[in-house]
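What follows is a set of notes on a single structure, which appears directly below.
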Amino acid sequence: MNFDDKDAVKLADEFHETFHSIKKEIHKAVIGQDDIIDLLLISLFSKGHCVLIGVPGLAKTLLIRTLADSLNLSFNRIQFTPDLMPGDITGTEVIEENKDSGRKEFTFIKGPVFANIVLADEINRTPPKTQAALLEGMQEYHVTTAGKTYDLDLPFFVLATQNPIEQEGTYPLPEAQLDRFMFNIWVDYPTLAEEKEIVSKTTAHQQYSIEPLVSKEKLKKLQELVREVPVPENVLDFAVELVSKTRPGTDMAPDYVNKYMSWGAGPRASQYLILGGKARALSQGRYHVTEEDIKALATPVLRHRIVNNYAAEADGYTTVKLINMLIEEA
């Protein structure tokens, strides 16, 4: 698509309008969390997935549920528990009698993963074998069971939540699965004014309805539009170099990366920085990506893809602090 073309510019304006219409609709139910909503929508339009981490009571589930309601898409919520099995997510085959032939046959009953938006609630409460049941769907957009492959309905968007304070009875997500998520989003406490508004509204009669604003076809069209946004060579270089600097033992790694990191981000981080930058540019009414777009998305893209060592913990260097140092030097 040529962005000098009037139709392309019109579509880009439609993207900007749709983005902010959805955001306004979400704010009917969710107070504050502007940056979180922006990241969720950027991920959605980039065909990515998100993991949200925050203590209980910060409206993570409400936010995702409201996002689903504002889109004319199917939605399923999976409550992850220690006894959840892979088949409980993907589906399973059951024996049923064929009414025509009278013979018993295997019939595949689809699991909750067969929806456009899937909320994986408290994903770290289930063992790795069950967590991995989502992997194939997130990456390949299909699931395989009993030797047969079943395509998922597109668009397909996984939003997972985690509770960071309760470690007993939890199973941390392996790095391979974390890498499938475009963003790692930390949901923080509301401000004093926001919390006052939350308490005021939620302790009185609430009357609001969320309108579905975007159809499946329109969302697919806008997702394809993101891929068409041009990226200047200097921005592409900036994104790839930023990710390369997170890899200890390489020529581009600064001294503090070699000292404090044991593992850096892979190429998927560079891909998501560029895709997210494209969606962010469109959301702000621009048709080009800048280095500021890359910097704004660096923390949620890189936070779960780099691993600190013991020296970092001893000296108080968190992953976010190291990412900020890389951004400041860039």
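In the structure tokens, chains take the letters A, B, ... in the order shown, each chain's residues start at 1, and ligands count up from 1 in the order shown.
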
May I have a table of the residues of range 123-156 of chain A lying at most 9 Å from range 90-113 of chain A, giving each one's closest pair of atoms and their distance in Å to one decimal, counting only C-alpha atoms, ordered by chain and ascending residue number, as CSV?
```
residue,atom,partner,partner_atom,distance
A:Ala133,CA,A:Thr90,CA,6.8
A:Leu134,CA,A:Val113,CA,7.7
A:Gly137,CA,A:Val113,CA,8.0
A:Val143,CA,A:Thr90,CA,6.7
A:Thr144,CA,A:Thr90,CA,8.2
A:Thr145,CA,A:Thr92,CA,7.3
A:Ala146,CA,A:Glu93,CA,7.8
A:Leu152,CA,A:Val113,CA,8.0
```

Using CA of Asp35 in chain A and CA of Asp69 in chain A as the two end points, give the distance in Å to one decimal.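 That distance, rounded to one decimal, is 19.4 Å.
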
Show which residues sit within 10 Å of Lys278 in chain A, as a list in words. Count only C-alpha atoms, and ignore same-chain residues fewer than 6 positions away.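 In the requested format, the answer is Ile42, Phe45, Ser46, Leu225, Val226, Arg227, Glu228, Val229, Pro230, Val231, Tyr272, Arg286, Tyr287, His288, Val289, Thr290, Asp293 and Ile294 of chain A.
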
Extract, using only C-alpha atoms, all DNA, RNA and protein residues at most 10 Å from Lys221 in chain A, discarding same-chain residues fewer than 6 positions from it, and format them as a PDB file with C-alpha atoms, in the first residue's frame.
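Generated file (out.pdb):
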```pdb
ATOM      1  CA  LEU A  11      -7.726   4.167   6.157  1.00  0.00           C
ATOM      2  CA  PHE A  15      -7.326   3.533  12.366  1.00  0.00           C
ATOM      3  CA  PHE A  45      -3.593  -4.321  16.100  1.00  0.00           C
ATOM      4  CA  SER A 215     -16.217  -6.089  13.481  1.00  0.00           C
TER       5      SER A 215
END
```

Nearest to Ala330 in chain A, restricted to only C-alpha atoms and choosing among A:Val307, A:Ala132, A:Ile26, A:Met252, comes out as A:Met252

Among range 78-275 of chain A, which residues does DSSP mark as helix (DSSP H, G or I) when it is run on the backbone? Keep the chain and numbering as in the structure and answer as a ChimeraX atom specification. /A:86-90,123-125,128-140,175-178,192-202,216-228,233-244,255-260,267-275

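Rounded to one decimal, CA of Arg77 in chain A and CA of Leu63 in chain A lie 12.7 Å from each other.
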
Just checking: using only C-alpha atoms, which residue out of A:Asp38, A:Ala29, A:Gln131, A:Leu192 ends up closest to Gln284 in chain A?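 Closest residue, counting only C-alpha atoms: A:Asp38.
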
List the neighbours of Thr61 in chain A out to 8 Å using only C-alpha atoms; skip same-chain residues closer than 5 positions along the sequence, and give me the result as a list in words. Leu119, Asp121 and Thr161 of chain A

Write out, as a PDB file, in the first residue's frame, the residues just selected, with C-alpha atoms.
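Full text of result.pdb as output:
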```
ATOM      1  CA  LEU A 119      -8.179 -14.513  28.703  1.00  0.00           C
ATOM      2  CA  ASP A 121      -6.379 -15.861  33.985  1.00  0.00           C
ATOM      3  CA  THR A 161      -2.627 -12.401  33.773  1.00  0.00           C
TER       4      THR A 161
END
```

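Proximity ranking of A:Arg268, A:Lys245, A:His304, A:Lys201 relative to Cys50 in chain A places A:His304 first, based on only C-alpha atoms.
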
Just the residues within 7 Å of range 181-188 of chain A, please, counting only C-alpha atoms, with nothing from its chain fewer than 6 positions along; format it as a ChimeraX atom specification. /A:43,48-54,272,300-301,303-304

Residues of range 38-229 of chain A classed as strand (DSSP E or B) by DSSP on the backbone are to be reported as a ChimeraX atom specification. /A:50-53,71,75-79,91-97,104-110,117-121,142-145,148-151,157-162,183-186,214

Saved selection, atoms kept: C-alpha atoms, as a compact mmCIF listing (two decimals), in the first residue's frame:
```txt
# COMPACT_ATOMS: atom_id res chain seq x y z
CA CYS A 50 0.11 -9.73 26.15
CA VAL A 51 0.83 -10.87 29.67
CA LEU A 52 -0.37 -8.51 32.43
CA ILE A 53 1.29 -8.67 35.83
CA LEU A 71 -15.03 -5.57 19.87
CA PHE A 75 -14.40 -14.22 23.98
CA ASN A 76 -13.48 -17.03 26.39
CA ARG A 77 -11.99 -16.87 29.86
CA ILE A 78 -9.85 -19.75 31.14
CA GLN A 79 -9.22 -19.85 34.89
CA GLY A 91 -10.44 -29.54 23.37
CA THR A 92 -10.76 -33.30 23.35
CA GLU A 93 -12.23 -36.17 21.38
CA VAL A 94 -15.28 -37.97 22.75
CA ILE A 95 -17.10 -41.07 21.51
CA GLU A 96 -20.54 -40.34 20.08
CA GLU A 97 -23.03 -42.46 18.22
CA LYS A 104 -19.81 -44.98 17.42
CA GLU A 105 -17.30 -42.38 16.22
CA PHE A 106 -14.81 -39.96 17.72
CA THR A 107 -16.01 -36.34 17.67
CA PHE A 108 -13.75 -33.39 18.50
CA ILE A 109 -15.23 -31.01 21.06
CA LYS A 110 -13.52 -27.63 20.80
CA ILE A 117 -9.95 -13.26 22.42
CA VAL A 118 -8.78 -15.64 25.13
CA LEU A 119 -8.18 -14.51 28.70
CA ALA A 120 -5.70 -16.88 30.38
CA ASP A 121 -6.38 -15.86 33.99
CA HIS A 142 -3.93 -23.76 15.06
CA VAL A 143 -3.96 -26.60 17.60
CA THR A 144 -3.13 -30.27 17.12
CA THR A 145 -4.86 -33.02 19.06
CA LYS A 148 -5.33 -33.79 13.71
CA THR A 149 -4.84 -30.05 13.21
CA TYR A 150 -7.65 -27.57 13.78
CA ASP A 151 -7.39 -23.94 12.67
CA PHE A 157 -5.50 -12.60 20.71
CA VAL A 158 -4.27 -14.12 24.01
CA LEU A 159 -4.21 -11.99 27.15
CA ALA A 160 -2.68 -13.67 30.19
CA THR A 161 -2.63 -12.40 33.77
CA GLN A 162 -0.23 -13.18 36.61
CA PHE A 183 4.36 -7.17 25.70
CA ASN A 184 4.96 -7.80 29.39
CA ILE A 185 2.76 -5.17 31.02
CA TRP A 186 3.07 -4.23 34.69
CA VAL A 214 -15.25 -3.09 15.59
```

Determine, counting only C-alpha atoms, which protein, DNA and RNA residues have an atom within 7 Å of an atom of Thr130 in chain A; residues of the same chain fewer than 6 positions away are not included. Present the result as a list in words.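 Counting only C-alpha atoms, the residues come to Leu84, Met85 and Pro86 of chain A.
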
Now that the selection is made, can you save its residues with N, CA and C atoms as a short mmCIF file (atom, residue, chain, number, x, y, z; two decimals), in the first residue's frame?
```cif
data_model
loop_
_atom_site.label_atom_id
_atom_site.label_comp_id
_atom_site.auth_asym_id
_atom_site.auth_seq_id
_atom_site.Cartn_x
_atom_site.Cartn_y
_atom_site.Cartn_z
N LEU A 84 -5.63 -28.25 35.93
CA LEU A 84 -6.07 -28.04 34.54
C LEU A 84 -5.20 -28.88 33.59
N MET A 85 -5.82 -29.56 32.64
CA MET A 85 -5.11 -30.39 31.68
C MET A 85 -5.08 -29.72 30.31
N PRO A 86 -4.09 -30.07 29.45
CA PRO A 86 -4.02 -29.47 28.11
C PRO A 86 -5.32 -29.60 27.32
#
```

Using CA of Gly266 in chain A and CA of Val243 in chain A as the two end points, give the distance in Å to one decimal.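 CA of Gly266 in chain A sits 7.5 Å away from CA of Val243 in chain A.
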
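Comparing the minimum interatomic distances between Lys220 in chain A and each of A:Pro56, A:Pro155, A:Pro190, A:Gly264, counting only C-alpha atoms, we find that A:Pro155 sits nearest.
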